[in-house]
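J.: So that we are looking at the same thing, I have put the structure below in structure tokens.
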Amino acid sequence: MKVGLPKGTRDFLPIELAKRKWMFGIIEEVFKTYAYVPIETPVMENLSTLTGKYGEEGDRLLFKVLNNGDYLSKSDDQAYQSKDSNSFTTSISKRGMRYDLTVPFARYVVMHRNDISLPFKRYQIQPVWRADRPQKGRYQEFYQCDVDVVGSKSLSYEAELIQIYDDVFARLNIPVIIRLNHRQLLSGIAGIAGIGDQWLEMTMAIDKLDKIGEEGVRKELTERGIAEKAQDKIFDFLAQKDLASFRSLILNDPQVLASLGEVEKVFAYLENLNLKNQLQFDITLARGLGYYTGCIFEVTAVDAEMGSLGGGGRYDNLTGVFGWPDVPGVGISFGAERIYDVLEAKGLFPADLQNGPKVLVAAFDEVSHLYAFKCVSKIREAGIAADLYPDPGKLKKQFKYATDLGCAYIAIVGDEEMQNNTLNLKDLTSGEQDSLTIEEIIQRLK
RNA sequence: GUGGAUGUAGCUCAGCUGGUUAGAGCGCUAGAUUGUGGUUCUAGAGGUCGUCGGUUCGAAACCGAUCUUCCACCCCA
């Protein structure tokens with residue numbers, strides 16, 4: 001039997017999991033501090049809940065779950081004959097695996113609207129699945145950490161979420177740039193440039209400005225059928241680096257003015273609050289997911305070659321498709337795998353992440369092994385992680401096992417120790433050792 | 001989904017234009033050392049050369065398919 005893993009998925013070693021838990025712990029702690037509560041949703045959703053929410057591209061990346069039973073006899077034979085994969089798929093698959101945490105959350109809010117009170121602030125740390133082609137920092141199974149609040153239009157939440165980004169990355173010691181933009185500012189620019197109906201295409205093109213430059217963006221805009229005159233107008237706006245100069249370009253377009261006012265208000269909330277990371281208004285920031293309607297965010301590491309470490313935005317009508325219109329919401333997501341990779345690359349995990357027991361007890365012979373078993377029990381009763389090596393005898397083996405496991409101490413028991421009612425406790429890092437009673441050891445290891 | 005690279009011991013990698021029994025370092029196991037790990041020395045184990053098929057007297061090497069990983073797109077965390 002040849003063993004292997006589906007592509008884009010991974011196992012985690014004990015030390016890796018210790019690091020991940022440390023990272024998730026910090027993120028979760030910040031979420032709780034800002035008064036968000038945890039929820040969970042199932043791995044699978046009805047396919048109808050997921051399809052159409054992420055655009056055509058997203059539908060292609062959805063993992064579908066094959067129906068149980070004799071699914072072929074109930075399949076759409078006509079779709080099969082005409083090689084229509086989409087129709088055929090829906091006839092043999094009614095469930096899919098979650099693609100992100102936001103859409104399932106929207107479904108959750110609608111279904112539990114009588115059990116939650118608005119504004120509802122929740123966080124959710126769970127894996128999601130995408131049938132994307134894997135690359136570095138890009139997997140088919142990966143964790144997202146989402147914080148969202150639904151049921152309020154207050155821009156104080158935008159400010160709060162920026163604070164959460166700032167707080168988490170400061171605690172993780174990763175310097176980041178938090179970029180902020182507004183979706184309607186983008187559509188407003190498109191309107192002023194006379195291409196209001198093509199604003200989404202414009203957005204996708206200018207999103208790449210830092211990657212392909214002005215020339216590249218212009219080329220792409222031309223390919224998308226946007227006239228040169230309109231392009232010039234667009235680039236007038238893109239050249240503006242701050243809000244004030246941006247404002248001077250907007251004549252009297254009420255929609256754009258209002259959006260700009262929203263961005264300004266977010267900055268006003270954060271004024272004098274001493275963010276530890278850089279917050280930047282960036283008119284070129286665009287985010288793919290179709291459902292954002294207001295402010296949008298993205299976080300990138302200052303000095304690491306890694307895509308975005310997180311993103312989010314305001315979606316004023318996400319629950320509408322599930323039958324509950326006009327519930328505004330805003331949220332952000334942390335990309336756990338990428339943050340992990342940055343932490344690893346920069347050596348930012350604490351060195352003392354304890355993944356093994358605090359102490360390993362080593363016995364010298366069968367008689368002392370019986371005694372050692374009772375010692376381990378007492379240490380465990382005191383709430384200290386302790387283990388007993390199963391085979392008495394060779395100390396070399398027991399030492400090696402203790403080191404490999406990451407134990408801080410080893411406690412050796414032989415004739416001498418049994419007579420004196422002690423154990424020989426050795427600090428594996430410093431090499432110091434003492435003869436101590438069980439009580440003294442518990443005191444020392446607490 | 002498109003284009004391109006990659007795969008040899010647990011890990012990192014050698015292996016010439018196809019030619020005896022496929023190597024090294026690290027790691028692993030045992031011993032030196034029957035009350036002390038990390039250092040040192042000695043010995044040892046470990047490979048269907050990603051998989052399947054083809055070309056050839058002969059394939060780790062050449063060709064095809066497939067899978068994995070990686071890179072650039074697309075998109076995204």
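Residue numbering restarts at 1 in every chain; chains get A, B, ... in the order shown in the structure tokens, and ligands count up from 1 in that same order.
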Mind checking which residues fall within 8 Å of U36 in chain B, counting only C-alpha atoms (C1' of nucleotides), ignoring those fewer than 4 positions away in the same chain, and posting them as a list in words?

T.: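 Here the qualifying residues turn out to be Leu395, Lys396 and Phe399 of chain A.
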
J.: Produce a file of the selected residues containing N, CA and C atoms, as an mmCIF file, in the first residue's frame.

T.:
```cif
data_model
loop_
_atom_site.group_PDB
_atom_site.id
_atom_site.type_symbol
_atom_site.label_atom_id
_atom_site.label_comp_id
_atom_site.auth_asym_id
_atom_site.auth_seq_id
_atom_site.Cartn_x
_atom_site.Cartn_y
_atom_site.Cartn_z
ATOM 1 N N LEU A 395 20.407 4.080 30.548
ATOM 2 C CA LEU A 395 20.076 5.491 30.739
ATOM 3 C C LEU A 395 20.245 6.277 29.454
ATOM 4 N N LYS A 396 21.177 5.851 28.652
ATOM 5 C CA LYS A 396 21.442 6.572 27.400
ATOM 6 C C LYS A 396 20.168 6.704 26.572
ATOM 7 N N PHE A 399 17.689 9.103 28.248
ATOM 8 C CA PHE A 399 18.106 10.495 28.072
ATOM 9 C C PHE A 399 17.745 10.993 26.675
#
```

J.: Residues of chain B that have any atom at most 9 Å from an atom of chain A: could you tabulate them with the shortest-distance atom pair and the distance in Å to one decimal, using only C-alpha atoms (C1' of nucleotides), ordered by chain and increasing number, as a Markdown table?

T.:
```
| residue | atom | partner | partner_atom | distance |
| --- | --- | --- | --- | --- |
| B:G1 | C1' | A:Arg60 | CA | 8.6 |
| B:U34 | C1' | A:Lys394 | CA | 8.0 |
| B:G35 | C1' | A:Leu395 | CA | 7.6 |
| B:U36 | C1' | A:Leu395 | CA | 6.5 |
| B:G37 | C1' | A:Phe399 | CA | 4.6 |
| B:G38 | C1' | A:Thr403 | CA | 8.8 |
| B:U68 | C1' | A:Lys7 | CA | 7.2 |
| B:U69 | C1' | A:Gln135 | CA | 8.5 |
| B:C70 | C1' | A:Gln135 | CA | 6.7 |
| B:C71 | C1' | A:Gln135 | CA | 8.2 |
| B:C74 | C1' | A:Glu57 | CA | 8.6 |
| B:C75 | C1' | A:Glu57 | CA | 7.1 |
| B:C76 | C1' | A:Gly288 | CA | 8.1 |
| B:A77 | C1' | A:Gly335 | CA | 4.2 |
```

J.: I'd like the neighbourhood of U8 in chain B as an MDAnalysis selection string, where a residue qualifies if any of its atoms comes within 10 Å (using only C-alpha atoms (C1' of nucleotides)), though same-chain residues fewer than 4 positions away should be ignored.

T.: chainID B and resid 13:15 22 47 49:50 60

J.: Need the shell around Ile296 in chain A: protein/DNA/RNA residues with any atom at most 7 Å away, counting only C-alpha atoms (C1' of nucleotides). Skip same-chain ones fewer than 3 positions apart. Format as an MDAnalysis selection string?

T.: chainID A and resid 180:183 312:314

J.: Applying 12 Å and only C-alpha atoms (C1' of nucleotides), which residues near G53 in chain B remain after dropping the ones on its own chain fewer than 4 positions away? List them as a list in words.

T.: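 Listed by chain and then number, they are C63, G64, A65 and U66 of chain B.
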
J.: Could you write out that same residue set with C-alpha atoms (C1' of nucleotides) as an mmCIF file, in the first residue's frame?

T.:
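Below is the file out36.cif, written as the result:
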```
data_model
loop_
_atom_site.group_PDB
_atom_site.id
_atom_site.type_symbol
_atom_site.label_atom_id
_atom_site.label_comp_id
_atom_site.auth_asym_id
_atom_site.auth_seq_id
_atom_site.Cartn_x
_atom_site.Cartn_y
_atom_site.Cartn_z
ATOM 1 C "C1'" C B 63 10.595 8.963 -25.009
ATOM 2 C "C1'" G B 64 5.205 9.027 -23.466
ATOM 3 C "C1'" A B 65 1.436 9.123 -19.812
ATOM 4 C "C1'" U B 66 0.243 9.945 -14.798
#
```

J.: Restricting the calculation to only C-alpha atoms (C1' of nucleotides), which member of B:A72, B:C41, B:C52, B:A9 is positioned closest to G27 in chain B?

T.: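 Selected residue with least distance to G27 in chain B: B:A9.
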
J.: CA of Tyr389 in chain A to CA of Leu353 in chain A: how many Å, to one decimal?

T.: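 Computed distance, CA of Tyr389 in chain A to CA of Leu353 in chain A, equals 21.9 Å.
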
J.: I need the helix (DSSP H, G or I) residues of range 75-314 of chain A per DSSP on the backbone, written as an MDAnalysis selection string.

T.: chainID A and resid 77:81 85:92 102:111 156:172 183:192 196:206 209:223 228:238 243:249 254:270

J.: Please dump the current selection as a JSON list (two decimals), in the first residue's frame; keep C-alpha atoms.

T.:
```json
[["chain", "number", "residue", "atom", "x", "y", "z"],
["A", 77, "ASP", "CA", -28.46, 11.96, -18.32],
["A", 78, "GLN", "CA", -29.10, 14.76, -20.74],
["A", 79, "ALA", "CA", -26.44, 16.91, -19.12],
["A", 80, "TYR", "CA", -24.07, 13.96, -19.27],
["A", 81, "GLN", "CA", -24.74, 13.35, -22.96],
["A", 85, "SER", "CA", -20.25, 19.43, -16.40],
["A", 86, "ASN", "CA", -22.02, 22.12, -14.39],
["A", 87, "SER", "CA", -25.51, 20.73, -14.78],
["A", 88, "PHE", "CA", -24.33, 17.17, -14.40],
["A", 89, "THR", "CA", -22.44, 18.02, -11.22],
["A", 90, "THR", "CA", -25.51, 19.47, -9.54],
["A", 91, "SER", "CA", -27.38, 16.29, -10.35],
["A", 92, "ILE", "CA", -24.86, 14.06, -8.54],
["A", 102, "THR", "CA", -17.96, 34.41, 5.60],
["A", 103, "VAL", "CA", -20.68, 32.87, 3.43],
["A", 104, "PRO", "CA", -21.41, 30.07, 5.93],
["A", 105, "PHE", "CA", -21.57, 32.79, 8.57],
["A", 106, "ALA", "CA", -24.13, 34.71, 6.55],
["A", 107, "ARG", "CA", -26.20, 31.53, 6.29],
["A", 108, "TYR", "CA", -25.75, 31.01, 10.03],
["A", 109, "VAL", "CA", -26.96, 34.51, 10.83],
["A", 110, "VAL", "CA", -30.08, 34.06, 8.74],
["A", 111, "MET", "CA", -30.89, 30.66, 10.21],
["A", 156, "SER", "CA", -16.37, 52.29, 14.52],
["A", 157, "TYR", "CA", -16.30, 48.61, 13.60],
["A", 158, "GLU", "CA", -14.06, 49.28, 10.64],
["A", 159, "ALA", "CA", -11.76, 51.09, 13.03],
["A", 160, "GLU", "CA", -12.00, 48.27, 15.54],
["A", 161, "LEU", "CA", -11.09, 45.65, 12.96],
["A", 162, "ILE", "CA", -8.06, 47.69, 11.92],
["A", 163, "GLN", "CA", -7.09, 47.74, 15.59],
["A", 164, "ILE", "CA", -7.43, 43.97, 15.71],
["A", 165, "TYR", "CA", -5.10, 43.59, 12.75],
["A", 166, "ASP", "CA", -2.68, 45.98, 14.37],
["A", 167, "ASP", "CA", -2.85, 44.26, 17.73],
["A", 168, "VAL", "CA", -2.44, 40.71, 16.43],
["A", 169, "PHE", "CA", 0.52, 41.46, 14.19],
["A", 170, "ALA", "CA", 2.17, 43.54, 16.89],
["A", 171, "ARG", "CA", 1.86, 40.63, 19.33],
["A", 172, "LEU", "CA", 3.22, 38.25, 16.72],
["A", 183, "ARG", "CA", -15.35, 49.97, -2.96],
["A", 184, "GLN", "CA", -17.63, 52.86, -3.85],
["A", 185, "LEU", "CA", -14.69, 55.14, -4.24],
["A", 186, "LEU", "CA", -13.59, 52.82, -6.99],
["A", 187, "SER", "CA", -16.99, 52.73, -8.65],
["A", 188, "GLY", "CA", -17.16, 56.50, -8.23],
["A", 189, "ILE", "CA", -13.92, 56.96, -10.11],
["A", 190, "ALA", "CA", -15.24, 54.73, -12.83],
["A", 191, "GLY", "CA", -18.34, 56.90, -12.97],
["A", 192, "ILE", "CA", -16.36, 60.12, -13.26],
["A", 196, "GLY", "CA", -19.47, 53.28, -14.54],
["A", 197, "ASP", "CA", -20.78, 50.02, -15.91],
["A", 198, "GLN", "CA", -17.25, 48.63, -16.17],
["A", 199, "TRP", "CA", -16.10, 49.56, -12.70],
["A", 200, "LEU", "CA", -15.47, 45.95, -11.65],
["A", 201, "GLU", "CA", -13.19, 45.37, -14.59],
["A", 202, "MET", "CA", -11.40, 48.60, -13.89],
["A", 203, "THR", "CA", -10.94, 47.53, -10.29],
["A", 204, "MET", "CA", -9.43, 44.18, -11.22],
["A", 205, "ALA", "CA", -6.95, 45.91, -13.51],
["A", 206, "ILE", "CA", -5.77, 48.60, -11.12],
["A", 209, "LEU", "CA", -0.72, 48.37, -10.33],
["A", 210, "ASP", "CA", 2.13, 47.58, -7.96],
["A", 211, "LYS", "CA", 2.80, 44.35, -9.80],
["A", 212, "ILE", "CA", 2.65, 45.28, -13.49],
["A", 213, "GLY", "CA", 2.98, 49.07, -13.34],
["A", 214, "GLU", "CA", 1.01, 51.80, -15.09],
["A", 215, "GLU", "CA", 1.86, 50.50, -18.52],
["A", 216, "GLY", "CA", 0.63, 47.04, -17.70],
["A", 217, "VAL", "CA", -2.57, 48.34, -16.18],
["A", 218, "ARG", "CA", -3.24, 50.54, -19.21],
["A", 219, "LYS", "CA", -2.69, 47.59, -21.49],
["A", 220, "GLU", "CA", -5.14, 45.53, -19.50],
["A", 221, "LEU", "CA", -7.68, 48.36, -19.43],
["A", 222, "THR", "CA", -7.40, 48.66, -23.19],
["A", 223, "GLU", "CA", -7.94, 44.93, -23.55],
["A", 228, "GLU", "CA", -7.56, 56.00, -23.34],
["A", 229, "LYS", "CA", -9.35, 59.16, -22.28],
["A", 230, "ALA", "CA", -11.03, 57.30, -19.45],
["A", 231, "GLN", "CA", -7.71, 55.72, -18.52],
["A", 232, "ASP", "CA", -6.14, 59.15, -18.14],
["A", 233, "LYS", "CA", -8.92, 60.16, -15.79],
["A", 234, "ILE", "CA", -8.46, 57.01, -13.77],
["A", 235, "PHE", "CA", -4.75, 57.56, -13.39],
["A", 236, "ASP", "CA", -5.34, 61.13, -12.23],
["A", 237, "PHE", "CA", -7.00, 59.59, -9.23],
["A", 238, "LEU", "CA", -4.54, 56.78, -8.73],
["A", 243, "LEU", "CA", -7.15, 61.72, 1.30],
["A", 244, "ALA", "CA", -6.91, 65.49, 1.09],
["A", 245, "SER", "CA", -5.52, 65.62, -2.43],
["A", 246, "PHE", "CA", -8.00, 62.98, -3.39],
["A", 247, "ARG", "CA", -10.85, 65.11, -2.15],
["A", 248, "SER", "CA", -9.70, 68.03, -4.28],
["A", 249, "LEU", "CA", -10.21, 65.94, -7.39],
["A", 254, "PRO", "CA", -22.28, 62.97, -3.79],
["A", 255, "GLN", "CA", -21.65, 59.22, -3.83],
["A", 256, "VAL", "CA", -17.90, 59.58, -3.99],
["A", 257, "LEU", "CA", -17.91, 62.32, -1.39],
["A", 258, "ALA", "CA", -19.90, 60.13, 0.97],
["A", 259, "SER", "CA", -17.52, 57.21, 0.52],
["A", 260, "LEU", "CA", -14.56, 59.45, 1.10],
["A", 261, "GLY", "CA", -16.24, 60.73, 4.21],
["A", 262, "GLU", "CA", -16.53, 57.17, 5.47],
["A", 263, "VAL", "CA", -12.85, 56.55, 5.00],
["A", 264, "GLU", "CA", -12.07, 59.81, 6.76],
["A", 265, "LYS", "CA", -14.28, 58.83, 9.64],
["A", 266, "VAL", "CA", -12.46, 55.53, 10.10],
["A", 267, "PHE", "CA", -9.21, 57.48, 10.32],
["A", 268, "ALA", "CA", -10.86, 59.86, 12.78],
["A", 269, "TYR", "CA", -11.79, 56.98, 15.09],
["A", 270, "LEU", "CA", -8.21, 55.84, 15.08]]
```

J.: Work out how far CA of Gly329 in chain A is from CA of Asp207 in chain A, in Å to one decimal.

T.: 23.4 Å

J.: Skip C28 in chain B itself and residues of its chain fewer than 5 positions away, then list as a list in words all residues within 10 Å of it, counting only C-alpha atoms (C1' of nucleotides).

T.: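 Returned residues: G10, A45 and G46 of chain B.
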
J.: I'd like the neighbourhood of Leu436 in chain A as a list in words, where a residue qualifies if any of its atoms comes within 6 Å (using only C-alpha atoms (C1' of nucleotides)), though same-chain residues fewer than 4 positions away should be ignored.

T.: Thr422, Leu423 and Glu440 of chain A

J.: Quick one: write out the picked residues with all heavy atoms as a PDB file, in the first residue's frame?

T.:
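The resulting again-v1.pdb:
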```pdb
ATOM      1  N   THR A 422      14.022   9.569  47.400  1.00  0.00           N
ATOM      2  CA  THR A 422      14.239  10.745  46.549  1.00  0.00           C
ATOM      3  C   THR A 422      14.264  10.331  45.076  1.00  0.00           C
ATOM      4  O   THR A 422      14.144   9.156  44.747  1.00  0.00           O
ATOM      5  CB  THR A 422      15.599  11.409  46.844  1.00  0.00           C
ATOM      6  OG1 THR A 422      16.629  10.436  46.588  1.00  0.00           O
ATOM      7  CG2 THR A 422      15.682  11.898  48.266  1.00  0.00           C
ATOM      8  N   LEU A 423      14.399  11.344  44.219  1.00  0.00           N
ATOM      9  CA  LEU A 423      14.713  11.115  42.807  1.00  0.00           C
ATOM     10  C   LEU A 423      15.871  12.041  42.467  1.00  0.00           C
ATOM     11  O   LEU A 423      16.027  13.106  43.069  1.00  0.00           O
ATOM     12  CB  LEU A 423      13.535  11.465  41.902  1.00  0.00           C
ATOM     13  CG  LEU A 423      12.287  10.582  41.977  1.00  0.00           C
ATOM     14  CD1 LEU A 423      11.322  11.097  43.014  1.00  0.00           C
ATOM     15  CD2 LEU A 423      11.615  10.510  40.616  1.00  0.00           C
ATOM     16  N   GLU A 440       9.633  18.095  46.847  1.00  0.00           N
ATOM     17  CA  GLU A 440      10.546  19.147  46.400  1.00  0.00           C
ATOM     18  C   GLU A 440      10.523  19.276  44.870  1.00  0.00           C
ATOM     19  O   GLU A 440      10.593  20.377  44.318  1.00  0.00           O
ATOM     20  CB  GLU A 440      11.976  18.855  46.874  1.00  0.00           C
ATOM     21  CG  GLU A 440      12.158  19.074  48.370  1.00  0.00           C
ATOM     22  CD  GLU A 440      13.479  18.522  48.892  1.00  0.00           C
ATOM     23  OE1 GLU A 440      13.968  17.505  48.356  1.00  0.00           O
ATOM     24  OE2 GLU A 440      14.018  19.107  49.833  1.00  0.00           O
TER      25      GLU A 440
END
```

J.: As number ranges by chain, please: all residues of range 60-267 of chain A that backbone DSSP puts in strand (DSSP E).

T.: A: 64-65, 95-97, 120-129, 141-150, 176-182

J.: Between CA of Gln124 in chain A and CA of Glu45 in chain A, measure the distance and give it in Å to one decimal.

T.: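 One can read the CA of Gln124 in chain A to CA of Glu45 in chain A distance as 15.8 Å.
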